[in-house]
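Content type mmCIF, C-alpha atoms and all ligand atoms, from the file structure_19.cif:
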data_query
loop_
_atom_site.label_atom_id
_atom_site.label_comp_id
_atom_site.auth_asym_id
_atom_site.auth_seq_id
_atom_site.Cartn_x
_atom_site.Cartn_y
_atom_site.Cartn_z
CA MET A 146 34.12 181.97 116.63
CA ILE A 147 31.22 179.93 115.23
CA ASP A 148 32.18 176.28 114.73
CA VAL A 149 30.20 174.12 112.29
CA ARG A 150 32.83 171.42 111.69
CA SER A 151 30.88 168.90 113.73
CA ASP A 152 28.24 168.56 116.42
CA THR A 153 31.01 167.17 118.65
CA VAL A 154 32.31 170.70 119.31
CA THR A 155 29.58 171.73 121.76
CA LEU A 156 30.78 172.90 125.15
CA PRO A 157 29.14 171.61 128.32
CA THR A 158 26.37 173.94 129.50
CA ALA A 159 26.38 175.60 132.91
CA ALA A 160 23.73 173.09 134.02
CA MET A 161 25.96 170.22 132.86
CA ARG A 162 28.98 171.57 134.68
CA LYS A 163 26.92 171.93 137.83
CA ALA A 164 25.55 168.39 137.50
CA MET A 165 29.09 167.12 136.98
CA HIS A 166 30.27 169.04 140.03
CA ASP A 167 27.48 167.68 142.20
CA ALA A 168 27.48 164.10 140.84
CA GLU A 169 27.47 161.27 143.34
CA VAL A 170 30.28 158.95 142.29
CA GLY A 171 32.00 155.64 143.10
CA ASP A 172 34.27 153.10 141.44
CA ASP A 173 32.41 151.96 138.35
CA VAL A 174 34.66 148.92 137.82
CA TYR A 175 33.11 147.66 141.08
CA LYS A 176 29.71 148.74 139.69
CA GLY A 177 29.78 151.29 142.48
CA ASP A 178 29.05 154.52 140.67
CA PRO A 179 25.37 155.41 141.23
CA THR A 180 25.32 158.11 138.55
CA VAL A 181 26.66 155.75 135.88
CA ILE A 182 24.06 153.20 136.89
CA ARG A 183 21.35 155.86 136.70
CA LEU A 184 22.47 156.89 133.18
CA GLN A 185 22.62 153.28 131.98
CA ASP A 186 19.20 152.42 133.42
CA MET A 187 17.66 155.58 132.06
CA CYS A 188 19.03 155.02 128.56
CA ALA A 189 18.00 151.35 128.52
CA GLU A 190 14.50 152.40 129.51
CA MET A 191 14.33 155.13 126.83
CA LEU A 192 15.46 152.70 124.12
CA GLY A 193 13.38 149.79 125.38
CA MET A 194 16.50 147.62 125.64
CA GLU A 195 17.28 145.32 128.58
CA ALA A 196 20.61 146.84 129.54
CA ALA A 197 23.11 149.57 128.72
CA LEU A 198 26.83 150.07 129.20
CA PHE A 199 28.56 153.45 129.47
CA MET A 200 31.43 153.69 126.99
CA PRO A 201 34.12 156.34 126.57
CA THR A 202 33.49 156.76 122.82
CA GLY A 203 31.28 155.63 119.98
CA THR A 204 34.27 154.00 118.32
CA GLN A 205 34.89 151.80 121.34
CA SER A 206 31.19 151.11 121.64
CA ASN A 207 30.95 149.79 118.06
CA LEU A 208 34.22 147.89 118.48
CA VAL A 209 33.05 146.21 121.68
CA ALA A 210 29.76 145.31 120.00
CA LEU A 211 31.62 143.62 117.15
CA LEU A 212 34.10 141.87 119.46
CA THR A 213 31.23 140.59 121.58
CA HIS A 214 29.13 139.36 118.66
CA CYS A 215 31.82 137.98 116.37
CA GLN A 216 34.70 135.53 116.61
CA ARG A 217 37.96 135.51 114.69
CA GLY A 218 37.16 134.54 111.08
CA ASP A 219 33.62 135.89 111.27
CA GLU A 220 32.43 138.61 108.98
CA TYR A 221 30.12 141.58 109.30
CA ILE A 222 28.30 143.40 106.51
CA VAL A 223 28.61 147.16 106.60
CA GLY A 224 28.11 150.25 104.41
CA GLY A 225 30.90 151.19 102.00
CA ASP A 226 32.07 154.23 103.92
CA ALA A 227 30.27 153.53 107.18
CA HIS A 228 31.91 154.97 110.27
CA THR A 229 32.49 151.52 111.75
CA TYR A 230 34.29 150.36 108.66
CA LYS A 231 36.12 153.46 107.49
CA TYR A 232 36.58 155.80 110.43
CA GLU A 233 37.39 153.51 113.33
CA GLY A 234 40.91 152.49 112.39
CA GLY A 235 39.90 149.04 111.16
CA GLY A 236 39.57 148.05 114.83
CA ALA A 237 37.33 145.04 114.29
CA ALA A 238 39.87 143.51 111.88
CA ALA A 239 42.94 144.64 113.80
CA LEU A 240 41.78 143.51 117.24
CA GLY A 241 39.10 140.91 116.53
CA GLY A 242 40.10 139.22 113.28
CA ILE A 243 36.64 140.19 112.04
CA GLN A 244 36.40 140.69 108.29
CA PRO A 245 34.27 143.53 106.93
CA GLN A 246 32.14 142.86 103.83
CA THR A 247 31.16 146.26 102.49
CA VAL A 248 28.11 147.17 100.42
CA PRO A 249 27.95 150.69 98.94
CA PHE A 250 25.39 153.10 100.34
CA ALA A 251 22.60 154.08 97.96
CA GLU A 252 21.73 157.75 97.36
CA ASN A 253 19.25 157.68 100.25
CA GLY A 254 21.80 156.27 102.70
CA GLU A 255 20.38 152.75 102.73
CA ILE A 256 22.49 149.69 102.10
CA PRO A 257 20.10 148.02 99.63
CA LEU A 258 18.90 144.83 101.29
CA ALA A 259 18.97 142.84 98.04
CA GLU A 260 22.68 143.64 97.84
CA VAL A 261 23.15 142.67 101.46
CA GLU A 262 21.43 139.35 100.82
CA ALA A 263 23.64 138.76 97.78
CA VAL A 264 26.86 138.95 99.83
CA ILE A 265 25.74 136.74 102.71
CA LYS A 266 27.97 133.71 102.43
CA ASP A 267 26.86 130.11 102.50
CA LYS A 268 28.19 127.92 105.28
CA ASP A 269 31.26 126.61 103.51
CA ILE A 270 34.84 126.14 104.71
CA HIS A 271 36.04 128.45 101.94
CA PHE A 272 34.14 131.41 103.27
CA ALA A 273 34.27 133.69 106.24
CA ASN A 274 31.32 133.12 108.51
CA THR A 275 28.80 135.92 107.93
CA LYS A 276 27.58 136.88 111.38
CA LEU A 277 26.18 140.37 111.52
CA LEU A 278 24.76 143.32 109.61
CA SER A 279 25.63 146.80 110.85
CA LEU A 280 23.50 149.81 109.86
CA GLU A 281 23.97 153.51 110.51
CA ASN A 282 21.23 156.01 111.39
CA THR A 283 21.60 158.83 110.58
CA GLN A 284 24.01 158.19 107.71
CA HIS A 285 25.84 161.42 106.78
CA GLY A 286 22.73 163.15 108.06
CA ARG A 287 20.36 161.02 106.01
CA VAL A 288 17.56 159.51 108.06
CA GLN A 289 16.82 155.81 107.65
CA SER A 290 13.15 154.89 107.82
CA VAL A 291 11.61 152.58 110.39
CA ASP A 292 10.37 150.38 107.54
CA TYR A 293 13.88 149.95 106.18
CA MET A 294 15.25 149.01 109.58
CA CYS A 295 12.41 146.54 110.17
CA ASN A 296 12.98 145.01 106.73
CA ALA A 297 16.66 144.66 107.60
CA ARG A 298 15.68 142.73 110.74
CA GLU A 299 13.46 140.42 108.69
CA LEU A 300 16.42 139.71 106.44
CA THR A 301 18.84 139.06 109.30
CA ASP A 302 16.29 136.78 110.99
CA LYS A 303 15.84 134.86 107.75
CA HIS A 304 19.60 134.23 107.61
CA GLN A 305 20.13 133.94 111.36
CA LEU A 306 22.36 136.99 111.49
CA LEU A 307 22.62 139.65 114.17
CA LEU A 308 21.65 143.27 113.53
CA HIS A 309 23.63 146.14 115.06
CA LEU A 310 22.91 149.86 114.82
CA ASP A 311 25.65 152.43 114.83
CA GLY A 312 23.24 155.01 116.18
CA ALA A 313 25.76 157.72 116.91
CA ARG A 314 23.11 160.20 115.76
CA MET A 315 20.01 158.03 116.26
CA ALA A 316 18.49 160.76 118.42
CA ASN A 317 18.54 163.00 115.33
CA ALA A 318 16.85 160.20 113.38
CA ALA A 319 14.14 159.85 116.04
CA VAL A 320 13.47 163.60 116.05
CA ALA A 321 13.42 163.78 112.25
CA LEU A 322 10.99 160.85 111.99
CA GLY A 323 8.90 162.05 114.93
CA VAL A 324 9.24 158.68 116.66
CA SER A 325 10.70 157.57 119.99
CA LEU A 326 14.23 156.31 120.50
CA GLU A 327 12.59 153.00 121.33
CA THR A 328 11.03 152.78 117.87
CA ILE A 329 14.44 153.30 116.26
CA ALA A 330 16.12 150.75 118.52
CA LYS A 331 13.45 148.07 118.34
CA PRO A 332 14.57 146.10 115.26
CA PHE A 333 18.15 145.81 116.51
CA HIS A 334 19.87 143.26 118.71
CA THR A 335 22.33 145.94 119.81
CA VAL A 336 22.61 149.70 119.50
CA SER A 337 25.37 152.24 120.04
CA LEU A 338 24.38 155.83 120.81
CA CYS A 339 26.66 158.88 121.19
CA LEU A 340 26.04 161.38 123.95
CA SER A 341 28.82 163.63 122.67
CA LYS A 342 27.35 164.61 119.31
CA GLY A 343 24.19 166.66 118.97
CA LEU A 344 23.05 165.70 122.45
CA GLY A 345 25.86 167.85 123.76
CA ALA A 346 27.72 165.85 126.43
CA PRO A 347 31.49 166.41 126.58
CA VAL A 348 32.18 162.67 126.30
CA GLY A 349 30.49 159.31 126.29
CA SER A 350 28.46 156.77 124.39
CA LEU A 351 26.17 153.94 125.40
CA LEU A 352 26.06 150.40 124.12
CA LEU A 353 22.73 148.64 124.55
CA GLY A 354 21.48 145.10 124.19
CA ASP A 355 20.07 142.25 126.22
CA LYS A 356 21.47 141.46 129.67
CA LYS A 357 23.60 138.56 128.50
CA PHE A 358 25.15 140.63 125.71
CA ILE A 359 25.93 143.53 128.05
CA GLU A 360 27.58 141.17 130.56
CA GLN A 361 29.89 139.92 127.81
CA ALA A 362 30.42 143.44 126.47
CA LEU A 363 31.54 144.51 129.93
CA ARG A 364 34.43 142.09 129.63
CA TRP A 365 35.38 143.37 126.16
CA ARG A 366 35.18 146.93 127.41
CA LYS A 367 37.72 145.99 130.08
CA VAL A 368 39.91 144.14 127.56
CA THR A 369 39.95 147.20 125.28
CA GLY A 370 41.02 149.39 128.18
CA GLY A 371 37.65 150.92 128.91
CA GLY A 372 37.16 150.01 132.57
CA MET A 373 36.55 153.39 134.19
CA ARG A 374 36.39 154.56 137.78
CA GLN A 375 34.54 157.62 139.18
CA VAL A 376 32.97 158.46 135.84
CA GLY A 377 29.70 159.55 137.38
CA VAL A 378 31.09 163.04 136.72
CA LEU A 379 30.74 162.25 133.01
CA ALA A 380 27.53 160.26 133.30
CA ALA A 381 25.92 163.26 135.03
CA ALA A 382 26.47 165.28 131.86
CA GLY A 383 25.17 162.33 129.84
CA ILE A 384 21.90 162.33 131.78
CA LEU A 385 21.33 165.96 130.80
CA ALA A 386 22.26 165.11 127.21
CA LEU A 387 19.50 162.48 127.10
CA THR A 388 16.93 164.82 128.63
CA ASP A 389 17.54 168.51 127.83
CA GLY A 390 19.82 167.76 124.88
CA PHE A 391 17.27 165.47 123.26
CA GLU A 392 14.45 167.95 123.80
CA ARG A 393 16.12 170.75 121.84
CA LEU A 394 17.50 168.68 118.95
CA HIS A 395 14.69 169.75 116.60
CA GLU A 396 16.15 173.28 116.63
CA ASP A 397 19.28 172.03 114.85
CA HIS A 398 17.12 170.42 112.16
CA GLU A 399 15.19 173.66 111.71
CA HIS A 400 18.48 175.54 111.45
CA ALA A 401 19.71 173.10 108.79
CA GLN A 402 16.58 173.81 106.74
CA VAL A 403 17.01 177.55 107.15
CA LEU A 404 20.67 177.39 106.14
CA ALA A 405 19.89 175.24 103.09
CA GLY A 406 17.32 177.85 102.06
CA LEU A 407 19.72 180.75 102.54
CA LEU A 408 22.40 179.04 100.42
CA HIS A 409 20.21 177.74 97.60
CA ASP A 410 21.21 180.40 95.05
CA VAL A 411 24.89 180.90 95.87
CA PRO A 412 26.99 180.86 92.67
CA GLY A 413 29.58 178.11 92.24
CA MET A 414 28.13 175.73 94.79
CA SER A 415 24.97 173.80 95.46
CA VAL A 416 23.27 172.45 98.54
CA ARG A 417 22.66 168.70 98.44
CA GLN A 418 18.99 169.38 99.20
CA ALA A 419 17.78 165.78 99.35
CA TRP A 420 20.28 165.10 102.13
CA VAL A 421 19.08 167.91 104.39
CA GLN A 422 17.11 165.62 106.67
CA SER A 423 18.57 166.28 110.11
CA ASN A 424 21.37 168.56 111.37
CA ILE A 425 23.88 168.28 108.51
CA VAL A 426 23.98 170.36 105.32
CA TRP A 427 26.23 169.11 102.51
CA LEU A 428 27.65 171.54 99.97
CA ASP A 429 28.97 170.52 96.54
CA TYR A 430 31.18 172.81 94.50
CA ASP A 431 33.30 172.85 91.38
CA GLY A 432 36.97 173.37 91.88
CA ASP A 433 39.00 172.56 94.95
CA HIS A 434 37.94 174.74 97.87
CA GLY A 435 39.12 172.26 100.50
CA ALA A 436 41.79 174.56 101.89
CA SER A 437 40.74 178.04 100.78
CA LEU A 438 37.13 177.96 102.06
CA PRO A 439 38.11 177.04 105.65
CA ALA A 440 40.98 179.55 105.56
CA TYR A 441 38.70 182.38 104.38
CA ALA A 442 35.96 181.40 106.82
CA LYS A 443 38.37 181.35 109.74
CA GLN A 444 39.38 184.95 109.07
CA GLN A 445 35.69 185.82 109.25
CA GLY A 446 35.18 183.96 112.54
CA LEU A 447 33.82 180.67 111.20
CA GLN A 448 35.34 177.22 111.54
CA ILE A 449 34.14 174.93 108.76
CA SER A 450 35.48 171.67 107.36
CA ALA A 451 35.64 171.21 103.61
CA GLY A 452 36.90 168.54 101.27
CA ARG A 453 38.07 168.92 97.71
CA ASN A 454 34.64 169.08 96.03
CA ALA A 455 32.26 168.94 98.96
CA GLY A 456 31.95 170.22 102.49
CA ARG A 457 29.50 169.92 105.32
CA VAL A 458 27.98 172.25 107.85
CA VAL A 459 26.87 170.60 111.07
CA LEU A 460 24.31 172.39 113.23
CA HIS A 461 24.35 171.99 116.99
CA ARG A 462 23.43 173.64 120.27
CA ASP A 463 26.18 176.28 120.12
CA VAL A 464 24.99 177.57 116.73
CA SER A 465 22.07 179.94 117.23
CA ARG A 466 19.48 181.05 114.65
CA GLN A 467 21.41 184.33 114.44
CA ASP A 468 24.64 182.39 113.82
CA VAL A 469 22.99 180.57 110.92
CA ASN A 470 22.62 183.90 109.11
CA ILE A 471 26.30 184.63 109.69
CA VAL A 472 27.35 181.18 108.46
CA ALA A 473 25.28 181.66 105.30
CA ARG A 474 26.71 185.14 104.72
CA ILE A 475 30.33 184.01 105.04
CA ILE A 476 29.85 181.02 102.71
CA ARG A 477 28.04 183.24 100.18
CA GLU A 478 30.76 185.90 100.29
CA TYR A 479 33.45 183.28 99.80
CA PHE A 480 31.83 181.77 96.71
CA GLU A 481 30.92 185.15 95.24
CA LYS A 482 34.63 185.97 95.37
CA ASN A 483 36.00 182.58 94.43
CA ALA A 484 33.50 180.64 92.32
CA VAL A 485 35.13 179.09 89.26
C1 LIG B 1 30.92 160.01 115.70
C2 LIG B 1 30.46 158.73 115.18
C3 LIG B 1 30.81 157.52 115.82
C4 LIG B 1 31.64 157.44 117.07
O1 LIG B 1 32.63 158.35 117.15
P1 LIG B 1 33.45 158.71 118.47
O2 LIG B 1 34.11 159.97 118.06
O3 LIG B 1 34.37 157.58 118.70
O4 LIG B 1 32.50 158.89 119.59
C5 LIG B 1 30.32 156.36 115.27
N1 LIG B 1 29.54 156.38 114.19
C6 LIG B 1 29.16 157.50 113.56
C7 LIG B 1 28.26 157.44 112.39
C8 LIG B 1 29.63 158.72 114.03
O5 LIG B 1 29.25 159.84 113.41
#

Same coordinates, now as structure tokens:
Amino acid sequence: MIDVRSDTVTLPTAAMRKAMHDAEVGDDVYKGDPTVIRLQDMCAEMLGMEAALFMPTGTQSNLVALLTHCQRGDEYIVGGDAHTYKYEGGGAAALGGIQPQTVPFAENGEIPLAEVEAVIKDKDIHFANTKLLSLENTQHGRVQSVDYMCNARELTDKHQLLLHLDGARMANAAVALGVSLETIAKPFHTVSLCLSKGLGAPVGSLLLGDKKFIEQALRWRKVTGGGMRQVGVLAAAGILALTDGFERLHEDHEHAQVLAGLLHDVPGMSVRQAWVQSNIVWLDYDGDHGASLPAYAKQQGLQISAGRNAGRVVLHRDVSRQDVNIVARIIREYFEKNAV
């Protein structure tokens, strides 16, 4: 079975399993797990941030960032269907009393900064207290430029706001732009990075910021139930994700390009070419194929997720160049039979 539903579906490699088996561990709540400390230090160094904190998930990492930065009655500005806003259960509002102010994403995945500036509220007792701007890179696979992120920081500085990056797939952004993780992280006060997406770890994210922020975040991680014990077994996989996983990420981007090329002339659907910038290929189609495409594909040995009028294929380590041909063939066969 080939699985292109997400880059979260990768299985730990033999090297990862061995590293997990051999990991030196201790109780991380007592800051006694040397492998967790090694992962945190290594990631902080790679991103050029002062400190890092190992988190169970990206959702908790973003939530802890917001809880640490914002008080009840504060507000953060966020993209219209950003993960933090739409796909994390409304955690910041539910648990922190933090109000989201959304701004729709533009076609290129940016939240236009003029629109951000327009919704920043004056200091006035009638208004929530605008505190933070949260960006996403990559956004549905779309890579956000270094210029854009730096301009966002200029804006937040001008208004004395904080700038957070939901960098679940920031490693993909770095690879696509040909820049370091540090360059992506630099404009931000805090950054969240997933190890369990394209980087291939079975679990784990990192939250990064300055030392004072991370000290406070440690408390919020505990409060949200994220104090963990001998998790060096997981951090060991995370270390390989940041090294070997990062090194091979360009292959997924190449595969996305190849797949987009193979699908360009399939009847009844189109590839959203301008969005093929990293490891995700979006397909648009007429008619509702949300149930029938995945059902057909599954019979052919392919797991794919599809919505009513659009679907996405996510490339990752467990999809080989050979598999890309098979994915393209199955999608083509489906639409040749079922195009409206
Ligand atoms: C996956 C993802 C997250 C975090 O998700 P978890 O499944 O909780 O690790 C956050 N933001 C974006 C953009 C994501 O794609």

Report task. Kindly indicate which residue among A:Asp178, A:Glu262, A:Asp148, A:Glu281 lies nearest to ligand LIG 1 (chain B), using all atoms listed in the file for the distances. Result ->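 When distances to ligand LIG 1 (chain B) are compared using all atoms listed in the file, the smallest one comes from A:Glu281.
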
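With CA of Lys176 in chain A on one side and CA of His334 in chain A on the other, the separation reads 23.8 Å.
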
Query raised in the report: ligand LIG 1 (chain B): which residues are within 6 Å, counting all atoms listed in the file, as a PyMOL selection string?
Result: chain A and resi 202-204+228+311+313

Output C-alpha atoms of each residue in that selection to a file, as a tab-separated table (two decimals), keeping the file's coordinate frame.
chain	number	residue	atom	x	y	z
A	202	THR	CA	33.49	156.76	122.82
A	203	GLY	CA	31.28	155.63	119.98
A	204	THR	CA	34.27	154.00	118.32
A	228	HIS	CA	31.91	154.97	110.27
A	311	ASP	CA	25.65	152.43	114.83
A	313	ALA	CA	25.76	157.72	116.91

Report task. Mind giving me the straight-line distance from CA of Asp463 in chain A to CA of Arg393 in chain A in Å, one decimal? Result ->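 Atom-to-atom, CA of Asp463 in chain A and CA of Arg393 in chain A are spaced 11.6 Å apart.
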
**Report entry** Top pick for closest residue to Ser206 in chain A, considering A:Ser337, A:Asn424, A:Thr155, A:Ser450 and counting all atoms listed in the file
**Finding:**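 The shortest atom-to-atom distance to Ser206 in chain A comes from A:Ser337.
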
Query raised in the report: Do you have the CA of Val368 in chain A-CA of Ile182 in chain A distance handy?
Result: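 A separation of 20.5 Å between them.
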
Query raised in the report: Which is closer to Glu327 in chain A than all the others in A:Gly193, A:Ala484, A:Lys303, A:Ala455, using only C-alpha atoms?
Result: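 Closest residue, counting only C-alpha atoms: A:Gly193.
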
Requested in this report: Name the closest residue to His461 in chain A among the candidates A:Ser325, A:Thr158, A:Gln444, A:Ser151; distances are taken between atoms, counting only C-alpha atoms.
Outcome: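 Nearest candidate to His461 in chain A out of A:Ser325, A:Thr158, A:Gln444, A:Ser151: A:Ser151.
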
**Report entry** Point (23.4, 182.5, 101.5), cut-off 9 Å, counting all atoms listed in the file, residues as a VMD selection string
**Finding:** chain A and resid 404 to 411 470 to 478

Residues from the last selection, C-alpha atoms, saved as a PDB file, in the frame of the given file:
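Output file part_32.pdb follows:
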ATOM      1  CA  LEU A 404      20.670 177.390 106.140  1.00  0.00           C
ATOM      2  CA  ALA A 405      19.890 175.240 103.090  1.00  0.00           C
ATOM      3  CA  GLY A 406      17.320 177.850 102.060  1.00  0.00           C
ATOM      4  CA  LEU A 407      19.720 180.750 102.540  1.00  0.00           C
ATOM      5  CA  LEU A 408      22.400 179.040 100.420  1.00  0.00           C
ATOM      6  CA  HIS A 409      20.210 177.740  97.600  1.00  0.00           C
ATOM      7  CA  ASP A 410      21.210 180.400  95.050  1.00  0.00           C
ATOM      8  CA  VAL A 411      24.890 180.900  95.870  1.00  0.00           C
ATOM      9  CA  ASN A 470      22.620 183.900 109.110  1.00  0.00           C
ATOM     10  CA  ILE A 471      26.300 184.630 109.690  1.00  0.00           C
ATOM     11  CA  VAL A 472      27.350 181.180 108.460  1.00  0.00           C
ATOM     12  CA  ALA A 473      25.280 181.660 105.300  1.00  0.00           C
ATOM     13  CA  ARG A 474      26.710 185.140 104.720  1.00  0.00           C
ATOM     14  CA  ILE A 475      30.330 184.010 105.040  1.00  0.00           C
ATOM     15  CA  ILE A 476      29.850 181.020 102.710  1.00  0.00           C
ATOM     16  CA  ARG A 477      28.040 183.240 100.180  1.00  0.00           C
ATOM     17  CA  GLU A 478      30.760 185.900 100.290  1.00  0.00           C
TER      18      GLU A 478
END

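The closest residue to Asp167 in chain A, picked from A:Ala382, A:Ile449, A:Leu352, A:Leu428 and counting all atoms listed in the file, is A:Ala382.
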
Query raised in the report: With distances taken over only C-alpha atoms, which of A:Met191, A:Cys215, A:Ala442, A:Leu340 is nearest to Gly242 in chain A?
Result: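 Checking each candidate against Gly242 in chain A, we get A:Cys215 as the closest.
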
To box range 204-215 of chain A, take all atoms listed in the file, fit an axis-aligned box, add 6 Å on each side, and give centre and edge lengths in Å to one decimal, as AutoDock Vina command-line options.
--center_x 32.0 --center_y 146.0 --center_z 119.0 --size_x 17.8 --size_y 28.0 --size_z 17.3

Query raised in the report: Can you list, as a list in words, every protein, DNA or RNA residue that comes within 9 Å of Ala436 in chain A when you count only C-alpha atoms, leaving out same-chain residues fewer than 4 positions away?
Result: Ala440, Tyr441, Ser450, Ala451, Gly452 and Arg453 of chain A

Leaving out Tyr293 in chain A and any residue of its chain fewer than 6 positions from it, which residues lie within 12 Å of it when counting only C-alpha atoms, given as a short mmCIF file (atom, residue, chain, number, x, y, z; two decimals) with C-alpha atoms, keeping the file's coordinate frame?
data_model
loop_
_atom_site.label_atom_id
_atom_site.label_comp_id
_atom_site.auth_asym_id
_atom_site.auth_seq_id
_atom_site.Cartn_x
_atom_site.Cartn_y
_atom_site.Cartn_z
CA ASN A 253 19.25 157.68 100.25
CA GLY A 254 21.80 156.27 102.70
CA GLU A 255 20.38 152.75 102.73
CA ILE A 256 22.49 149.69 102.10
CA PRO A 257 20.10 148.02 99.63
CA LEU A 258 18.90 144.83 101.29
CA ALA A 259 18.97 142.84 98.04
CA LEU A 280 23.50 149.81 109.86
CA GLU A 281 23.97 153.51 110.51
CA ASN A 282 21.23 156.01 111.39
CA GLU A 299 13.46 140.42 108.69
CA LEU A 300 16.42 139.71 106.44
CA ILE A 329 14.44 153.30 116.26
CA PRO A 332 14.57 146.10 115.26
CA PHE A 333 18.15 145.81 116.51
#
